[in-house]
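Engineer: Take a look at input-v2.cif, mmCIF, C-alpha atoms:
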data_input
loop_
_atom_site.label_atom_id
_atom_site.label_comp_id
_atom_site.auth_asym_id
_atom_site.auth_seq_id
_atom_site.Cartn_x
_atom_site.Cartn_y
_atom_site.Cartn_z
CA MET A 240 19.69 1.91 -6.98
CA SER A 241 17.16 4.67 -6.31
CA TYR A 242 13.56 4.03 -5.30
CA LYS A 243 12.35 5.29 -8.70
CA THR A 244 14.63 2.87 -10.58
CA PHE A 245 13.47 0.09 -8.26
CA ARG A 246 9.82 0.81 -9.11
CA ILE A 247 10.59 0.72 -12.84
CA TRP A 248 12.46 -2.61 -12.55
CA GLN A 249 9.73 -3.99 -10.31
CA GLY A 250 7.11 -3.19 -12.97
CA ILE A 251 9.21 -4.64 -15.80
CA THR A 252 9.90 -7.84 -13.81
CA ALA A 253 6.22 -8.26 -12.89
CA PHE A 254 5.23 -7.81 -16.55
CA ILE A 255 7.78 -10.38 -17.75
CA ILE A 256 6.72 -12.88 -15.04
CA ALA A 257 3.03 -12.46 -15.91
CA ALA A 258 3.69 -12.90 -19.64
CA ALA A 259 5.97 -15.93 -19.13
CA VAL A 260 3.49 -17.60 -16.76
CA ALA A 261 0.63 -16.97 -19.20
CA VAL A 262 2.60 -18.55 -22.06
CA SER A 263 3.60 -21.56 -19.91
CA VAL A 264 0.02 -22.13 -18.75
CA SER A 265 -1.31 -21.87 -22.31
CA PHE A 266 1.10 -24.70 -23.24
CA ASP A 267 -0.05 -26.72 -20.18
CA ASN A 268 3.45 -26.49 -18.75
CA TRP A 269 2.62 -26.00 -15.07
CA ILE A 270 6.10 -26.87 -13.77
CA ASN A 271 7.64 -24.10 -15.91
CA ALA A 272 5.00 -21.63 -14.69
CA PHE A 273 5.77 -22.50 -11.07
CA ALA A 274 9.54 -22.22 -11.70
CA ILE A 275 9.07 -18.81 -13.37
CA ILE A 276 7.11 -17.52 -10.38
CA ILE A 277 9.82 -18.68 -7.94
CA ALA A 278 12.61 -17.21 -10.12
CA GLY A 279 10.66 -13.96 -10.50
CA LEU A 280 10.20 -13.65 -6.74
CA ALA A 281 13.95 -14.22 -6.28
CA VAL A 282 14.72 -11.47 -8.82
CA LEU A 283 12.32 -9.08 -7.05
CA ILE A 284 13.99 -9.80 -3.68
CA ILE A 285 17.45 -9.15 -5.20
CA ILE A 286 16.28 -5.88 -6.80
CA ARG A 287 14.70 -4.77 -3.52
CA SER A 288 17.90 -5.49 -1.58
CA ARG A 289 19.85 -3.12 -3.86
CA VAL A 290 17.70 -0.08 -3.10
CA LYS A 291 19.33 2.59 -0.97
CA GLY A 292 17.19 3.81 1.92
CA MET A 293 13.72 2.58 2.82
CA VAL A 294 11.36 1.00 0.33
CA ALA A 295 8.24 0.83 2.51
CA ASP A 296 7.05 2.91 5.45
CA GLU A 297 3.81 3.86 7.22
CA ARG A 298 2.53 5.85 4.22
CA THR A 299 3.11 2.85 1.95
CA TYR A 300 1.13 0.65 4.33
CA THR A 301 -1.68 3.22 4.54
CA ILE A 302 -1.88 3.33 0.75
CA ALA A 303 -1.76 -0.48 0.57
CA GLY A 304 -4.61 -0.70 3.12
CA LYS A 305 -6.80 1.74 1.19
CA ALA A 306 -6.03 0.00 -2.12
CA SER A 307 -6.83 -3.40 -0.59
CA ARG A 308 -10.16 -2.15 0.79
CA LEU A 309 -11.15 -0.70 -2.58
CA THR A 310 -10.04 -3.86 -4.41
CA LEU A 311 -11.99 -6.05 -1.98
CA ASN A 312 -15.15 -3.95 -2.36
CA ILE A 313 -14.92 -4.04 -6.15
CA ALA A 314 -14.18 -7.79 -6.15
CA ILE A 315 -17.09 -8.64 -3.81
CA ILE A 316 -19.64 -6.43 -5.59
CA GLY A 317 -18.40 -7.46 -9.06
CA THR A 318 -18.40 -11.18 -8.24
CA ALA A 319 -21.81 -11.05 -6.58
CA LEU A 320 -23.34 -9.08 -9.49
CA ALA A 321 -21.81 -11.38 -12.10
CA GLY A 322 -23.15 -14.37 -10.15
CA VAL A 323 -26.66 -12.93 -10.00
CA ILE A 324 -26.61 -12.14 -13.74
CA LEU A 325 -25.50 -15.70 -14.58
CA LEU A 326 -28.16 -17.17 -12.28
CA VAL A 327 -30.91 -15.06 -13.87
CA VAL A 328 -29.74 -15.73 -17.43
CA GLY A 329 -29.11 -19.45 -16.89
CA ARG A 330 -32.28 -20.20 -14.90
CA GLY A 331 -34.10 -23.09 -16.60
CA LYS A 332 -31.84 -22.79 -19.65
CA SER A 333 -28.27 -23.70 -18.76
CA ASP A 334 -26.99 -25.76 -15.85
CA ILE A 335 -23.42 -24.62 -16.52
CA LEU A 336 -24.34 -20.95 -16.17
CA MET A 337 -26.24 -21.77 -12.96
CA ASP A 338 -23.23 -23.66 -11.55
CA VAL A 339 -20.83 -20.84 -12.40
CA GLY A 340 -23.30 -18.33 -10.94
CA PHE A 341 -23.53 -20.27 -7.68
CA GLY A 342 -19.73 -20.60 -7.67
CA LEU A 343 -19.34 -16.82 -7.96
CA GLU A 344 -21.91 -16.21 -5.20
CA TYR A 345 -20.12 -18.63 -2.87
CA GLY A 346 -16.84 -16.94 -3.82
CA ALA A 347 -18.25 -13.53 -2.86
CA CYS A 348 -19.47 -14.99 0.46
CA ALA A 349 -16.04 -16.55 1.09
CA LEU A 350 -14.35 -13.18 0.48
CA MET A 351 -16.71 -11.48 2.95
CA ILE A 352 -16.14 -14.17 5.59
CA ILE A 353 -12.33 -14.01 5.21
CA ASN A 354 -12.49 -10.20 5.41
CA ALA A 355 -14.65 -10.36 8.57
CA LEU A 356 -12.29 -12.90 10.19
CA ALA A 357 -9.20 -10.85 9.29
CA TYR A 358 -10.87 -7.66 10.58
CA ASN A 359 -11.81 -9.39 13.82
CA TYR A 360 -8.26 -10.72 14.25
CA TYR A 361 -6.65 -7.28 13.77
CA SER A 362 -9.32 -5.59 15.87
CA ARG A 363 -8.48 -7.93 18.79
CA LYS A 364 -4.74 -7.57 18.16
CA MET A 365 -4.99 -3.78 18.23
CA GLY A 366 -7.11 -3.75 21.39
CA GLY A 367 -10.47 -2.77 19.90
CA LYS A 368 -12.42 -5.55 21.68
CA GLU A 369 -13.45 -5.42 25.36
CA MET E 186 -13.25 20.49 9.27
CA ALA E 187 -9.71 20.15 10.65
CA LYS E 188 -6.39 20.47 8.93
CA ILE E 189 -2.88 19.64 10.02
CA SER E 190 -0.20 21.81 8.48
CA ASN E 191 3.55 21.68 9.04
CA ASN E 192 6.78 23.67 8.78
CA ILE E 193 9.00 20.82 7.64
CA ARG E 194 10.28 22.60 4.54
CA ARG E 195 11.26 25.73 6.49
CA LEU E 196 12.85 23.71 9.28
CA ARG E 197 14.88 21.73 6.74
CA PHE E 198 16.29 24.92 5.27
CA ASP E 199 16.98 26.29 8.74
CA HIS E 200 19.03 23.15 9.45
CA ASN E 201 21.82 23.66 6.90
CA GLU E 202 19.45 23.10 3.98
CA MET E 203 18.90 19.49 4.92
CA THR E 204 17.70 17.49 1.93
CA GLN E 205 14.47 15.50 1.89
CA GLU E 206 16.58 12.36 1.50
CA ASP E 207 18.63 13.18 4.62
CA LEU E 208 15.51 13.83 6.67
CA ALA E 209 13.90 10.62 5.41
CA ASN E 210 16.99 8.61 6.39
CA LYS E 211 17.13 10.24 9.83
CA VAL E 212 13.47 9.57 10.68
CA GLY E 213 13.29 6.18 8.95
CA CYS E 214 10.81 6.78 6.15
CA THR E 215 10.91 7.18 2.38
CA ARG E 216 11.63 10.46 0.57
CA GLN E 217 8.17 10.16 -1.00
CA THR E 218 6.65 10.42 2.48
CA ILE E 219 8.61 13.63 3.21
CA ILE E 220 7.43 15.06 -0.12
CA ALA E 221 3.81 14.13 0.69
CA LEU E 222 4.14 15.69 4.16
CA GLU E 223 5.54 18.95 2.80
CA GLN E 224 2.75 19.15 0.24
CA GLY E 225 0.19 18.60 2.99
CA LYS E 226 -1.12 15.47 1.28
CA TYR E 227 -0.30 13.11 4.12
CA VAL E 228 -0.71 13.32 7.89
CA PRO E 229 1.96 11.29 9.72
CA SER E 230 1.50 8.91 12.62
CA ILE E 231 2.24 10.41 16.02
CA GLU E 232 5.44 8.34 16.17
CA LEU E 233 6.77 9.75 12.89
CA ALA E 234 5.73 13.26 13.95
CA PHE E 235 7.76 12.90 17.17
CA ARG E 236 10.76 11.54 15.25
CA ILE E 237 10.68 14.50 12.85
CA ALA E 238 10.41 16.99 15.72
CA ARG E 239 13.33 15.28 17.47
CA VAL E 240 15.54 15.55 14.36
CA PHE E 241 14.94 19.31 14.32
CA GLY E 242 15.33 19.51 18.09
CA VAL E 243 12.03 21.29 18.62
CA ASN E 244 8.65 20.66 20.23
CA ILE E 245 6.18 18.72 18.07
CA GLU E 246 3.88 21.76 17.91
CA LYS E 247 6.67 23.79 16.32
CA VAL E 248 6.58 21.33 13.42
CA PHE E 249 2.88 20.44 13.16
CA GLN E 250 -0.09 22.74 13.68
CA TYR E 251 -3.66 21.61 14.16
CA GLU E 252 -6.15 24.06 12.66
CA GLU E 253 -9.84 23.62 13.24
CA HIS E 254 -12.30 25.25 10.85
CA SER E 255 -16.05 25.31 11.39
#
Mind turning the file's structure into structure tokens?
Structural biologist:
Amino acid sequence: MSYKTFRIWQGITAFIIAAAVAVSVSFDNWINAFAIIIAGLAVLIIIRSRVKGMVADERTYTIAGKASRLTLNIAIIGTALAGVILLVVGRGKSDILMDVGFGLEYGACALMIINALAYNYYSRKMGGKE
Amino acid sequence: MAKISNNIRRLRFDHNEMTQEDLANKVGCTRQTIIALEQGKYVPSIELAFRIARVFGVNIEKVFQYEEHS
């Protein structure tokens, strides 16, 4: 199997898993959802093992790093902004909106803390600290 | 502003028209990376640069050139 075919099958499998999990969750069938995720991961591993040549290399990891950084920035800013909006809108009017707002703010803080810890870990591992 | 260019495409053709796939297999990367290198869209790690130079049996500076523009 070529890398291009692998990418197509990877996308199709991910789509099917996501749809199947969504349907299972909507029917409150959590065991099925869990089983689908495990089966899907197994299928992805099998597909990956059939690819000739390399699937991932340094360029792939560079791209993944950049994509992760962008995703993290968007997630932190988006979550924090949504939290602030809910806090402003819900202030003195809705306790639920306030609770969700605080939840989102704490979530944004948790993301920043995890990111800082992970950065510190890799910085030490790669010899950036004295 | 600095730019790193390379002669990978020419060197491949000079080596019995080696395919991108062959080069990728020899240096241990994907064909997409070789394509990106030849298009000048990706600058390799120093390790990959050395591996590519070794496949062609030349000095690293025969493969990659560092050009500095002011």
Engineer: For segment 245-247 of chain E, list every protein, DNA or RNA residue within 8 Å, evaluated using all atoms listed in the file, and leave out those in the same chain fewer than 4 positions away; present the list as a list in words.
Structural biologist: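 My list of contacting residues is Asn192, Ala234, Phe235, Ala238 and Arg239 of chain E.
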Engineer: Check which residues satisfy the PyMOL selection byres ((chain E) within 10 of (chain A)) in the file shown, then give them as a ChimeraX atom specification.
Structural biologist: /E:206-207,209-210,213-219,221-222,227-230,233
Engineer: Measuring between only C-alpha atoms, which one of A:Asn354, A:Gln249, A:Gly346, A:Tyr360 shows the shortest distance to Ile286 of chain A?
Structural biologist: A:Gln249
Engineer: Please enumerate the residues selected by the PyMOL selection byres ((chain A and resi 256) around 10) when evaluated against the supplied file, formatted as an MDAnalysis selection string.
Structural biologist: chainID A and resid 250:255 257:262 272 275:280
Engineer: Quick one: pull the distance between atom CA of Val339 of chain A and atom CA of Ala357 of chain A, Å, one decimal.
Structural biologist: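 Going from atom CA of Val339 of chain A over to atom CA of Ala357 of chain A, I get 26.6 Å.
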Engineer: Please identify all polymer residues within 12 Å of Leu350 of chain A, counting all atoms listed in the file, omitting same-chain residues fewer than 4 positions from it, and present them as a list in words.
Structural biologist: Arg308, Thr310, Leu311, Asn312, Ile313, Ala314, Ile315, Ile316, Gly317, Thr318, Ala319, Leu343, Glu344, Tyr345, Gly346, Asn354, Ala355, Leu356 and Ala357 of chain A
Engineer: For the structure shown, which residues end up in the PyMOL selection byres ((chain E and resi 252) around 7)? Put them as JSON, numbers by chain, please?
Structural biologist: {"E": [187, 188, 189, 250, 251, 253, 254]}
Engineer: Those selected residues, please, written with C-alpha atoms and delivered as a PDB file, in the coordinates of the input.
Structural biologist:
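Resulting contents of out_36.pdb:
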ATOM      1  CA  ALA E 187      -9.710  20.150  10.650  1.00  0.00           C
ATOM      2  CA  LYS E 188      -6.390  20.470   8.930  1.00  0.00           C
ATOM      3  CA  ILE E 189      -2.880  19.640  10.020  1.00  0.00           C
ATOM      4  CA  GLN E 250      -0.090  22.740  13.680  1.00  0.00           C
ATOM      5  CA  TYR E 251      -3.660  21.610  14.160  1.00  0.00           C
ATOM      6  CA  GLU E 253      -9.840  23.620  13.240  1.00  0.00           C
ATOM      7  CA  HIS E 254     -12.300  25.250  10.850  1.00  0.00           C
TER       8      HIS E 254
END
Engineer: Which residues are close to Val290 of chain A, i.e. within 6 Å by all atoms listed in the file, leaving aside same-chain residues fewer than 3 positions away? Reply as a list in words.
Structural biologist: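 Contacts, in chain order: Met240, Ser241 and Arg287 of chain A.
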Engineer: If you count only C-alpha atoms, which residues fall within 8 Å of Glu223 of chain E, apart from same-chain ones fewer than 5 positions away, as a PyMOL selection string?
Structural biologist: chain E and resi 191-194
Engineer: Please produce a file of the residues just selected, as an mmCIF file, keeping the file's coordinate frame, where the atoms kept are C-alpha atoms.
Structural biologist:
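The resulting file, out-v9.cif, is shown below:
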data_model
loop_
_atom_site.group_PDB
_atom_site.id
_atom_site.type_symbol
_atom_site.label_atom_id
_atom_site.label_comp_id
_atom_site.auth_asym_id
_atom_site.auth_seq_id
_atom_site.Cartn_x
_atom_site.Cartn_y
_atom_site.Cartn_z
ATOM 1 C CA ASN E 191 3.550 21.680 9.040
ATOM 2 C CA ASN E 192 6.780 23.670 8.780
ATOM 3 C CA ILE E 193 9.000 20.820 7.640
ATOM 4 C CA ARG E 194 10.280 22.600 4.540
#
Engineer: Record the distance separating atom CA of Asn201 of chain E and atom CA of Phe249 of chain E, expressed in Å with one decimal.
Structural biologist: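 That distance, rounded to one decimal, is 20.2 Å.
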Engineer: Find the spatial neighbours of Met337 of chain A, counting only C-alpha atoms, within a cut-off of 8 Å - ignore same-chain residues fewer than 4 positions away - and output them as a PyMOL selection string.
Structural biologist: chain A and resi 325-326+329-330+333+341
Engineer: At what distance in Å, to one decimal, does atom CA of Ala281 of chain A lie from atom CA of Trp248 of chain A?
Structural biologist: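 Computing the Euclidean distance for atom CA of Trp248 of chain A and atom CA of Ala281 of chain A yields 13.3 Å.
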